[in-house]
file query_7.csv (CSV, C-alpha atoms and all ligand atoms)
chain,number,residue,atom,x,y,z
A,15,MET,CA,-9.3,7.6,28.1
A,16,ASP,CA,-10.0,10.7,26.1
A,17,ALA,CA,-10.3,10.7,22.3
A,18,HIS,CA,-6.9,12.3,21.9
A,19,THR,CA,-5.2,9.5,23.7
A,20,GLU,CA,-7.4,6.8,22.2
A,21,LEU,CA,-6.3,7.9,18.7
A,22,GLY,CA,-2.7,8.1,19.8
A,23,GLN,CA,-2.4,11.7,18.6
A,24,ASP,CA,0.5,12.3,21.0
A,25,ARG,CA,2.9,9.9,19.2
A,26,ALA,CA,3.9,9.6,15.5
A,27,HIS,CA,2.0,7.1,13.4
A,28,SER,CA,3.3,5.7,10.1
A,29,ALA,CA,-0.2,6.0,8.3
A,30,ARG,CA,-0.6,9.6,9.3
A,31,MET,CA,3.0,10.4,8.4
A,32,TYR,CA,2.2,9.0,5.0
A,33,ASP,CA,-0.9,11.1,4.9
A,34,TYR,CA,1.3,14.1,5.6
A,35,TYR,CA,3.7,13.3,2.7
A,36,LEU,CA,0.6,13.0,0.5
A,37,GLY,CA,-0.6,16.5,1.5
A,38,GLY,CA,-3.5,15.1,3.5
A,39,LYS,CA,-5.1,16.7,6.6
A,40,THR,CA,-5.3,13.6,8.8
A,41,ASN,CA,-2.1,14.1,10.8
A,42,TYR,CA,-1.1,15.8,14.0
A,43,ARG,CA,1.9,17.6,15.5
A,44,ALA,CA,3.8,14.3,16.5
A,45,ASP,CA,3.3,12.9,13.0
A,46,ARG,CA,4.5,16.2,11.3
A,47,GLU,CA,7.6,16.3,13.6
A,48,ALA,CA,8.5,12.7,12.8
A,49,ALA,CA,7.9,13.3,9.1
A,50,ALA,CA,10.1,16.4,9.2
A,51,GLY,CA,12.9,14.3,10.7
A,52,VAL,CA,12.5,11.9,7.8
A,53,LEU,CA,12.4,14.6,5.2
A,54,ARG,CA,15.6,16.2,6.5
A,55,VAL,CA,17.5,13.0,5.6
A,56,TYR,CA,15.3,11.9,2.8
A,57,PRO,CA,13.4,14.7,1.0
A,58,GLY,CA,12.4,12.0,-1.6
A,59,ALA,CA,9.8,10.8,0.9
A,60,LEU,CA,7.3,13.3,-0.6
A,61,VAL,CA,7.9,12.0,-4.1
A,62,ALA,CA,8.0,8.4,-2.8
A,63,ALA,CA,4.6,8.6,-1.2
A,64,ARG,CA,2.9,10.2,-4.2
A,65,GLU,CA,4.5,7.7,-6.6
A,66,ASN,CA,3.5,4.8,-4.4
A,67,ARG,CA,-0.1,6.1,-4.3
A,68,GLY,CA,0.0,6.6,-8.1
A,69,PHE,CA,1.2,3.0,-8.6
A,70,MET,CA,-1.8,1.8,-6.5
A,71,HIS,CA,-4.2,3.8,-8.7
A,72,ARG,CA,-2.6,2.4,-12.0
A,73,ALA,CA,-2.4,-1.2,-10.8
A,74,THR,CA,-6.1,-1.0,-9.7
A,75,ARG,CA,-7.0,0.5,-13.1
A,76,TYR,CA,-5.1,-2.2,-14.9
A,77,ALA,CA,-6.9,-4.9,-12.9
A,78,ALA,CA,-10.4,-3.4,-13.4
A,79,GLU,CA,-10.1,-1.9,-16.9
A,80,GLU,CA,-7.7,-4.2,-18.7
A,81,LEU,CA,-8.3,-7.5,-17.0
A,82,GLY,CA,-12.0,-7.0,-16.0
A,83,ILE,CA,-11.4,-7.9,-12.4
A,84,ARG,CA,-14.3,-7.0,-10.1
A,85,GLN,CA,-13.1,-8.1,-6.7
A,86,PHE,CA,-10.4,-6.2,-4.7
A,87,PHE,CA,-8.8,-7.3,-1.5
A,88,ASP,CA,-6.6,-4.5,0.0
A,89,ILE,CA,-4.5,-5.2,3.0
A,90,GLY,CA,-2.8,-2.2,4.8
A,91,THR,CA,-5.4,0.2,3.4
A,92,GLY,CA,-4.3,3.3,5.3
A,93,ILE,CA,-6.1,6.5,5.7
A,94,PRO,CA,-8.5,6.9,2.7
A,95,THR,CA,-6.8,9.6,0.7
A,96,GLU,CA,-8.9,10.4,-2.4
A,97,PRO,CA,-9.2,8.8,-4.8
A,98,ASN,CA,-9.1,5.6,-2.7
A,99,LEU,CA,-8.9,2.1,-4.1
A,100,TYR,CA,-12.6,1.6,-4.2
A,101,GLN,CA,-13.2,4.8,-6.1
A,102,VAL,CA,-10.7,3.8,-8.8
A,103,ALA,CA,-12.0,0.2,-9.1
A,104,HIS,CA,-15.6,1.5,-9.2
A,105,ARG,CA,-14.8,3.9,-12.0
A,106,PHE,CA,-13.8,1.0,-14.3
A,107,GLN,CA,-16.0,-1.7,-12.8
A,108,PRO,CA,-19.2,-0.2,-11.4
A,109,ASP,CA,-20.2,-3.3,-9.5
A,110,ALA,CA,-16.7,-3.8,-8.0
A,111,ARG,CA,-16.6,-5.2,-4.5
A,112,VAL,CA,-13.7,-4.2,-2.2
A,113,VAL,CA,-12.5,-5.6,1.1
A,114,TYR,CA,-10.3,-3.2,3.1
A,115,THR,CA,-8.1,-4.6,5.8
A,116,ASP,CA,-5.9,-2.7,8.4
A,117,ASN,CA,-4.9,-3.6,11.9
A,118,ASP,CA,-4.8,-0.1,13.2
A,119,PRO,CA,-7.6,1.4,15.3
A,120,ILE,CA,-6.7,4.9,14.2
A,121,VAL,CA,-7.0,3.9,10.5
A,122,LEU,CA,-10.3,2.1,11.3
A,123,ALA,CA,-11.7,5.2,12.9
A,124,TYR,CA,-10.9,7.3,9.8
A,125,ASP,CA,-12.2,4.6,7.4
A,126,ARG,CA,-15.6,4.3,9.2
A,127,ALA,CA,-16.8,7.5,7.5
A,128,LEU,CA,-15.9,6.0,4.1
A,129,LEU,CA,-17.8,2.9,4.8
A,130,THR,CA,-21.0,4.8,5.4
A,131,ALA,CA,-20.4,7.0,2.4
A,132,GLY,CA,-20.1,4.1,-0.1
A,133,PRO,CA,-22.7,1.5,-1.1
A,134,PRO,CA,-22.7,-0.8,2.0
A,135,ALA,CA,-22.7,-4.1,0.0
A,136,ALA,CA,-19.7,-3.1,-2.1
A,137,ILE,CA,-17.2,-2.3,0.7
A,138,ALA,CA,-16.3,-4.3,3.7
A,139,TYR,CA,-13.7,-3.5,6.3
A,140,ILE,CA,-11.7,-6.1,8.3
A,141,ASP,CA,-9.9,-5.0,11.4
A,142,ALA,CA,-7.1,-7.6,11.4
A,143,ASP,CA,-3.4,-8.1,11.2
A,144,VAL,CA,-1.8,-9.4,7.9
A,145,ARG,CA,0.2,-11.7,10.2
A,146,GLU,CA,-3.0,-13.7,10.7
A,147,PRO,CA,-3.7,-14.7,7.1
A,148,GLU,CA,-6.2,-17.5,8.0
A,149,THR,CA,-8.5,-15.0,9.9
A,150,ILE,CA,-8.3,-12.4,7.2
A,151,LEU,CA,-9.1,-14.9,4.4
A,152,GLU,CA,-12.0,-16.4,6.3
A,153,ARG,CA,-13.5,-13.0,6.9
A,154,ALA,CA,-12.8,-11.7,3.4
A,155,ALA,CA,-14.6,-14.8,2.0
A,156,GLU,CA,-17.9,-13.3,3.5
A,157,THR,CA,-17.7,-10.6,0.8
A,158,LEU,CA,-15.4,-12.0,-1.9
A,159,ASP,CA,-15.8,-15.1,-4.0
A,160,PHE,CA,-12.4,-16.7,-4.0
A,161,ASP,CA,-13.3,-19.0,-6.9
A,162,GLU,CA,-13.2,-15.9,-9.1
A,163,PRO,CA,-10.3,-13.6,-9.8
A,164,VAL,CA,-9.4,-11.2,-7.0
A,165,ALA,CA,-6.8,-8.4,-7.1
A,166,LEU,CA,-4.9,-8.7,-3.8
A,167,SER,CA,-3.0,-5.5,-2.9
A,168,LEU,CA,-0.2,-5.2,-0.3
A,169,VAL,CA,0.9,-1.7,-1.2
A,170,ALA,CA,3.5,-0.1,1.1
A,171,LEU,CA,2.5,-2.6,3.8
A,172,LEU,CA,5.2,-5.2,4.1
A,173,HIS,CA,8.0,-2.8,5.1
A,174,PHE,CA,6.2,-2.5,8.4
A,175,ILE,CA,6.3,-6.3,9.0
A,176,PRO,CA,9.4,-7.5,10.9
A,177,ARG,CA,11.5,-10.2,9.1
A,178,GLY,CA,10.9,-12.5,12.0
A,179,ASP,CA,7.2,-12.7,11.0
A,180,ASP,CA,8.3,-14.0,7.6
A,181,PRO,CA,6.6,-11.7,5.1
A,182,HIS,CA,7.3,-14.1,2.2
A,183,ARG,CA,5.4,-16.9,3.9
A,184,LEU,CA,2.5,-14.5,4.6
A,185,VAL,CA,2.2,-13.5,1.0
A,186,ALA,CA,2.5,-17.2,-0.2
A,187,ARG,CA,-0.3,-18.1,2.2
A,188,LEU,CA,-2.6,-15.3,0.8
A,189,THR,CA,-1.8,-16.0,-2.9
A,190,GLU,CA,-2.3,-19.7,-2.4
A,191,ARG,CA,-6.0,-19.0,-1.8
A,192,LEU,CA,-6.4,-17.0,-5.0
A,193,ALA,CA,-8.1,-18.3,-8.2
A,194,THR,CA,-6.4,-18.4,-11.7
A,195,GLY,CA,-6.4,-14.9,-13.2
A,196,SER,CA,-6.0,-13.2,-9.8
A,197,LEU,CA,-3.4,-10.5,-9.2
A,198,LEU,CA,-0.9,-9.7,-6.5
A,199,VAL,CA,-0.1,-5.9,-6.4
A,200,LEU,CA,2.8,-5.2,-4.2
A,201,SER,CA,5.2,-2.4,-3.4
A,202,HIS,CA,8.0,-2.3,-0.8
A,203,ALA,CA,10.7,0.1,0.3
A,204,THR,CA,14.3,-0.6,-0.8
A,205,THR,CA,17.8,0.8,-0.5
A,206,ASP,CA,18.7,-0.5,-3.9
A,207,PHE,CA,18.2,2.9,-5.5
A,208,ASP,CA,20.2,4.9,-2.8
A,209,LEU,CA,23.0,6.8,-4.5
A,210,PRO,CA,26.4,5.8,-2.9
A,211,ASP,CA,27.6,9.3,-2.3
A,212,SER,CA,24.3,10.8,-1.1
A,213,THR,CA,23.3,11.4,2.5
A,214,HIS,CA,19.7,11.6,1.3
A,215,THR,CA,18.9,7.9,1.3
A,216,VAL,CA,16.2,5.4,2.3
A,217,ALA,CA,18.7,3.9,4.7
A,218,ALA,CA,18.8,7.2,6.5
A,219,ALA,CA,15.0,7.5,6.4
A,220,ALA,CA,14.8,4.0,8.0
A,221,ARG,CA,17.0,5.2,10.9
A,222,ALA,CA,14.7,8.3,11.3
A,223,TYR,CA,11.7,6.0,11.6
A,224,GLU,CA,13.6,3.8,14.1
A,225,GLU,CA,14.3,6.9,16.3
A,226,LYS,CA,10.6,7.3,16.6
A,227,GLY,CA,10.0,3.7,17.5
A,228,LEU,CA,8.7,2.9,14.1
A,229,MET,CA,10.2,0.6,11.4
A,230,LEU,CA,10.8,0.8,7.7
A,231,GLY,CA,12.0,-2.6,6.3
A,232,ARG,CA,13.9,-2.8,3.0
A,233,VAL,CA,14.1,-5.5,0.4
A,234,THR,CA,16.6,-6.2,-2.4
A,235,ARG,CA,15.4,-6.8,-5.9
A,236,GLU,CA,15.9,-10.6,-5.3
A,237,GLU,CA,13.8,-10.5,-2.2
A,238,MET,CA,11.1,-8.5,-4.0
A,239,GLY,CA,11.0,-11.0,-6.8
A,240,ALA,CA,10.6,-13.8,-4.3
A,241,PHE,CA,7.1,-12.4,-3.3
A,242,PHE,CA,6.0,-13.3,-6.8
A,243,GLU,CA,7.1,-16.9,-6.8
A,244,GLY,CA,4.6,-19.1,-8.8
A,245,LEU,CA,3.1,-16.0,-10.4
A,246,GLU,CA,3.6,-14.4,-13.8
A,247,LEU,CA,5.0,-10.8,-13.6
A,248,ALA,CA,3.0,-8.4,-15.7
A,249,ALA,CA,5.0,-6.0,-17.9
A,250,PRO,CA,7.1,-4.1,-17.2
A,251,GLY,CA,8.2,-6.4,-14.3
A,252,LEU,CA,9.8,-5.2,-11.2
A,253,VAL,CA,10.5,-1.5,-11.4
A,254,PRO,CA,10.5,1.6,-9.2
A,255,THR,CA,6.9,2.6,-8.5
A,256,SER,CA,7.1,5.6,-10.9
A,257,GLU,CA,8.0,3.3,-13.8
A,258,TRP,CA,5.1,0.9,-13.5
A,259,ARG,CA,2.7,1.6,-16.5
A,260,PRO,CA,2.7,5.4,-16.4
A,261,ASP,CA,0.3,5.3,-19.3
A,262,LEU,CA,-2.4,4.3,-16.9
A,263,ASP,CA,-2.2,7.5,-14.8
A,264,LEU,CA,-5.6,8.8,-13.8
A,265,ALA,CA,-6.6,12.2,-15.4
A,266,GLU,CA,-6.5,13.8,-11.9
A,267,GLY,CA,-3.2,12.2,-11.0
A,268,LEU,CA,0.3,13.7,-11.3
A,269,GLN,CA,1.2,14.5,-14.9
A,270,ARG,CA,4.8,13.4,-15.3
A,271,LEU,CA,7.2,13.4,-18.2
A,272,PRO,CA,9.3,10.3,-18.9
A,273,GLY,CA,12.6,10.4,-16.8
A,274,MET,CA,11.3,13.3,-14.7
A,275,ILE,CA,11.6,11.2,-11.5
A,276,SER,CA,14.7,9.3,-10.6
A,277,PRO,CA,14.5,5.9,-8.8
A,278,ASP,CA,16.6,7.2,-5.8
A,279,GLU,CA,13.8,9.7,-5.0
A,280,VAL,CA,11.2,6.9,-5.2
A,281,GLY,CA,13.0,4.3,-3.1
A,282,VAL,CA,10.2,1.7,-3.6
A,283,TRP,CA,10.0,-1.4,-5.7
A,284,ALA,CA,6.7,-2.2,-7.4
A,285,GLY,CA,5.4,-5.3,-9.2
A,286,VAL,CA,2.1,-6.9,-10.3
A,287,GLY,CA,1.9,-10.7,-10.7
A,288,ARG,CA,-0.8,-12.8,-12.2
A,289,LYS,CA,-1.8,-16.2,-10.9
A,290,PRO,CA,-1.5,-18.7,-13.8
B,301,LIG,C1,2.0,3.5,4.3
B,301,LIG,S1,0.3,2.9,4.6
B,301,LIG,C2,-0.1,2.3,3.0
B,301,LIG,C3,-1.5,2.7,2.6
B,301,LIG,C4,-1.9,2.3,1.2
B,301,LIG,N1,-1.8,0.8,1.1
B,301,LIG,C5,-1.1,3.0,0.2
B,301,LIG,O1,-0.1,2.4,-0.3
B,301,LIG,O2,-1.4,4.1,-0.2
B,301,LIG,C6,0.6,1.3,5.5
B,301,LIG,C7,-0.7,0.8,6.2
B,301,LIG,O3,-0.4,-0.5,6.7
B,301,LIG,C8,-1.0,-0.7,7.9
B,301,LIG,N2,-0.4,-1.8,8.6
B,301,LIG,C9,0.8,-1.8,9.2
B,301,LIG,N3,1.1,-3.0,9.8
B,301,LIG,C10,0.0,-3.8,9.5
B,301,LIG,C11,-0.3,-5.1,9.9
B,301,LIG,N4,0.5,-5.9,10.6
B,301,LIG,N5,-1.5,-5.7,9.4
B,301,LIG,C12,-2.4,-4.9,8.7
B,301,LIG,N6,-2.1,-3.6,8.4
B,301,LIG,C13,-1.0,-3.1,8.8
B,301,LIG,C14,-0.9,0.6,8.6
B,301,LIG,O4,-1.8,0.8,9.7
B,301,LIG,C15,-1.1,1.6,7.4
B,301,LIG,O5,-2.4,2.0,7.4

call {"tool": "encode", "arguments": {"input": "query_7.csv", "output": "structure tokens"}}
result
Amino acid sequence: MDAHTELGQDRAHSARMYDYYLGGKTNYRADREAAAGVLRVYPGALVAARENRGFMHRATRYAAEELGIRQFFDIGTGIPTEPNLYQVAHRFQPDARVVYTDNDPIVLAYDRALLTAGPPAAIAYIDADVREPETILERAAETLDFDEPVALSLVALLHFIPRGDDPHRLVARLTERLATGSLLVLSHATTDFDLPDSTHTVAAAARAYEEKGLMLGRVTREEMGAFFEGLELAAPGLVPTSEWRPDLDLAEGLQRLPGMISPDEVGVWAGVGRKP
């Protein structure tokens, strides 16, 4: 098998399509063609990706700077577009430890370079599927102390998990293991913000993903809230990604004015919950 086939460059990949929306360089022709198909029916995908990434930055900053959390457990890490989670956490907590988890060999290949670039004791990488929470928790415990607060992030991950795998049960199993003061940082695609008369919708984007053999699951507000059962939602609660604590934007991030971005462009719910 040549490197081209091994990295699956001949078929579209959701992590590389996301990299394309973000303006990254880790994407190939098949990814760009599939992304173009999504953008034709949902131009908001460009805004949605950037706003999702911005939410991850702000929630990580909130955990590190405001709550003093020094341990980060990121599942569905994706291609390490800069600044990546470790860089944000490290900026506010210089001795932060981060465990990155993804189940995709392509992502793993791209993340290897990052592992060697950072301080080795501070970043660990787990090649595993979120649908095996016991395995992931066991391996993460080699790096993280689960008796101390951990910020667990599942950002733009669960819309790639089929309903039959019960994403709510998976999240409950993971948060069960967290100590008091830990956080759950979660974002998920939704059709709740689709405008009724528009053809540019998340529903149409999901069909474009399906045409390429990929999936894009959607949750209602109620289903989103159910991920946070037993946790205390941090202000401002469940909101479109763009509306979660814009005051925490990084200096190098997008500089937005209030109301500049409408929820139908974003199409993703965001929330942060604290374990009591
Ligand atoms: C859209 S990217 C999100 C990247 C990053 N969390 C962010 O929000 O910027 C989704 C990532 O989830 C990963 N992923 C998809 N299904 C997974 C699974 N079952 N277990 C672990 N990771 C998975 C993909 O490989 C991809 O890297």

call {"tool": "residues_near_ligand", "arguments": {"input": "query_7.csv", "ligand": "ligand LIG 301 (chain B)", "cutoff": "7 Å", "atoms": "only C-alpha atoms and all ligand atoms", "output": "PDB file with C-alpha atoms, keeping the file's coordinate frame"}}
result
ATOM      1  CA  SER A  28       3.300   5.700  10.100  1.00  0.00           C
ATOM      2  CA  ALA A  29      -0.200   6.000   8.300  1.00  0.00           C
ATOM      3  CA  TYR A  32       2.200   9.000   5.000  1.00  0.00           C
ATOM      4  CA  ASN A  66       3.500   4.800  -4.400  1.00  0.00           C
ATOM      5  CA  ARG A  67      -0.100   6.100  -4.300  1.00  0.00           C
ATOM      6  CA  MET A  70      -1.800   1.800  -6.500  1.00  0.00           C
ATOM      7  CA  ILE A  89      -4.500  -5.200   3.000  1.00  0.00           C
ATOM      8  CA  GLY A  90      -2.800  -2.200   4.800  1.00  0.00           C
ATOM      9  CA  THR A  91      -5.400   0.200   3.400  1.00  0.00           C
ATOM     10  CA  GLY A  92      -4.300   3.300   5.300  1.00  0.00           C
ATOM     11  CA  ILE A  93      -6.100   6.500   5.700  1.00  0.00           C
ATOM     12  CA  THR A 115      -8.100  -4.600   5.800  1.00  0.00           C
ATOM     13  CA  ASP A 116      -5.900  -2.700   8.400  1.00  0.00           C
ATOM     14  CA  ASN A 117      -4.900  -3.600  11.900  1.00  0.00           C
ATOM     15  CA  ASP A 118      -4.800  -0.100  13.200  1.00  0.00           C
ATOM     16  CA  VAL A 121      -7.000   3.900  10.500  1.00  0.00           C
ATOM     17  CA  ALA A 142      -7.100  -7.600  11.400  1.00  0.00           C
ATOM     18  CA  ASP A 143      -3.400  -8.100  11.200  1.00  0.00           C
ATOM     19  CA  VAL A 144      -1.800  -9.400   7.900  1.00  0.00           C
ATOM     20  CA  ARG A 145       0.200 -11.700  10.200  1.00  0.00           C
ATOM     21  CA  LEU A 168      -0.200  -5.200  -0.300  1.00  0.00           C
ATOM     22  CA  VAL A 169       0.900  -1.700  -1.200  1.00  0.00           C
ATOM     23  CA  ALA A 170       3.500  -0.100   1.100  1.00  0.00           C
ATOM     24  CA  LEU A 171       2.500  -2.600   3.800  1.00  0.00           C
ATOM     25  CA  PHE A 174       6.200  -2.500   8.400  1.00  0.00           C
ATOM     26  CA  ILE A 175       6.300  -6.300   9.000  1.00  0.00           C
TER      27      ILE A 175
END

call {"tool": "closest_residue", "arguments": {"input": "query_7.csv", "among": "A:Thr95, A:Ser201, A:Ser276, A:Thr157", "to": "Phe242 of chain A", "atoms": "all atoms listed in the file"}}
result
A:Ser201

call {"tool": "closest_residue", "arguments": {"input": "query_7.csv", "among": "A:Asp141, A:Asp211, A:Asp180, A:Asp45", "to": "Arg25 of chain A", "atoms": "only C-alpha atoms"}}
result
A:Asp45

call {"tool": "residues_near_point", "arguments": {"input": "query_7.csv", "point": "(18.2, -1.3, 2.2)", "cutoff": "9 Å", "atoms": "all atoms listed in the file", "output": "list of chain:residue names"}}
result
A:Ala203, A:Thr204, A:Thr205, A:Asp206, A:Phe207, A:Asp208, A:Val216, A:Ala217, A:Ala220, A:Gly231, A:Arg232, A:Val233, A:Thr234

call {"tool": "atom_distance", "arguments": {"input": "query_7.csv", "atom1": "atom CA of Asp88 of chain A", "atom2": "atom CA of Thr194 of chain A"}}
result
18.2 Å

call {"tool": "closest_residue", "arguments": {"input": "query_7.csv", "among": "A:Tyr35, A:Tyr42, A:Phe87, A:Tyr76", "to": "Asp261 of chain A", "atoms": "only C-alpha atoms"}}
result
A:Tyr76

call {"tool": "atom_distance", "arguments": {"input": "query_7.csv", "atom1": "atom CA of Leu252 of chain A", "atom2": "atom CA of Arg270 of chain A"}}
result
19.7 Å

call {"tool": "residues_around", "arguments": {"input": "query_7.csv", "residues": "Glu243 of chain A", "least_positions_apart": "2", "cutoff": "10 Å", "atoms": "only C-alpha atoms", "output": "mmCIF file with C-alpha atoms, in the frame of the given file"}}
result
data_model
loop_
_atom_site.group_PDB
_atom_site.id
_atom_site.type_symbol
_atom_site.label_atom_id
_atom_site.label_comp_id
_atom_site.auth_asym_id
_atom_site.auth_seq_id
_atom_site.Cartn_x
_atom_site.Cartn_y
_atom_site.Cartn_z
ATOM 1 C CA HIS A 182 7.300 -14.100 2.200
ATOM 2 C CA VAL A 185 2.200 -13.500 1.000
ATOM 3 C CA ALA A 186 2.500 -17.200 -0.200
ATOM 4 C CA THR A 189 -1.800 -16.000 -2.900
ATOM 5 C CA MET A 238 11.100 -8.500 -4.000
ATOM 6 C CA GLY A 239 11.000 -11.000 -6.800
ATOM 7 C CA ALA A 240 10.600 -13.800 -4.300
ATOM 8 C CA PHE A 241 7.100 -12.400 -3.300
ATOM 9 C CA LEU A 245 3.100 -16.000 -10.400
ATOM 10 C CA GLU A 246 3.600 -14.400 -13.800
ATOM 11 C CA LEU A 247 5.000 -10.800 -13.600
ATOM 12 C CA GLY A 287 1.900 -10.700 -10.700
ATOM 13 C CA LYS A 289 -1.800 -16.200 -10.900
#
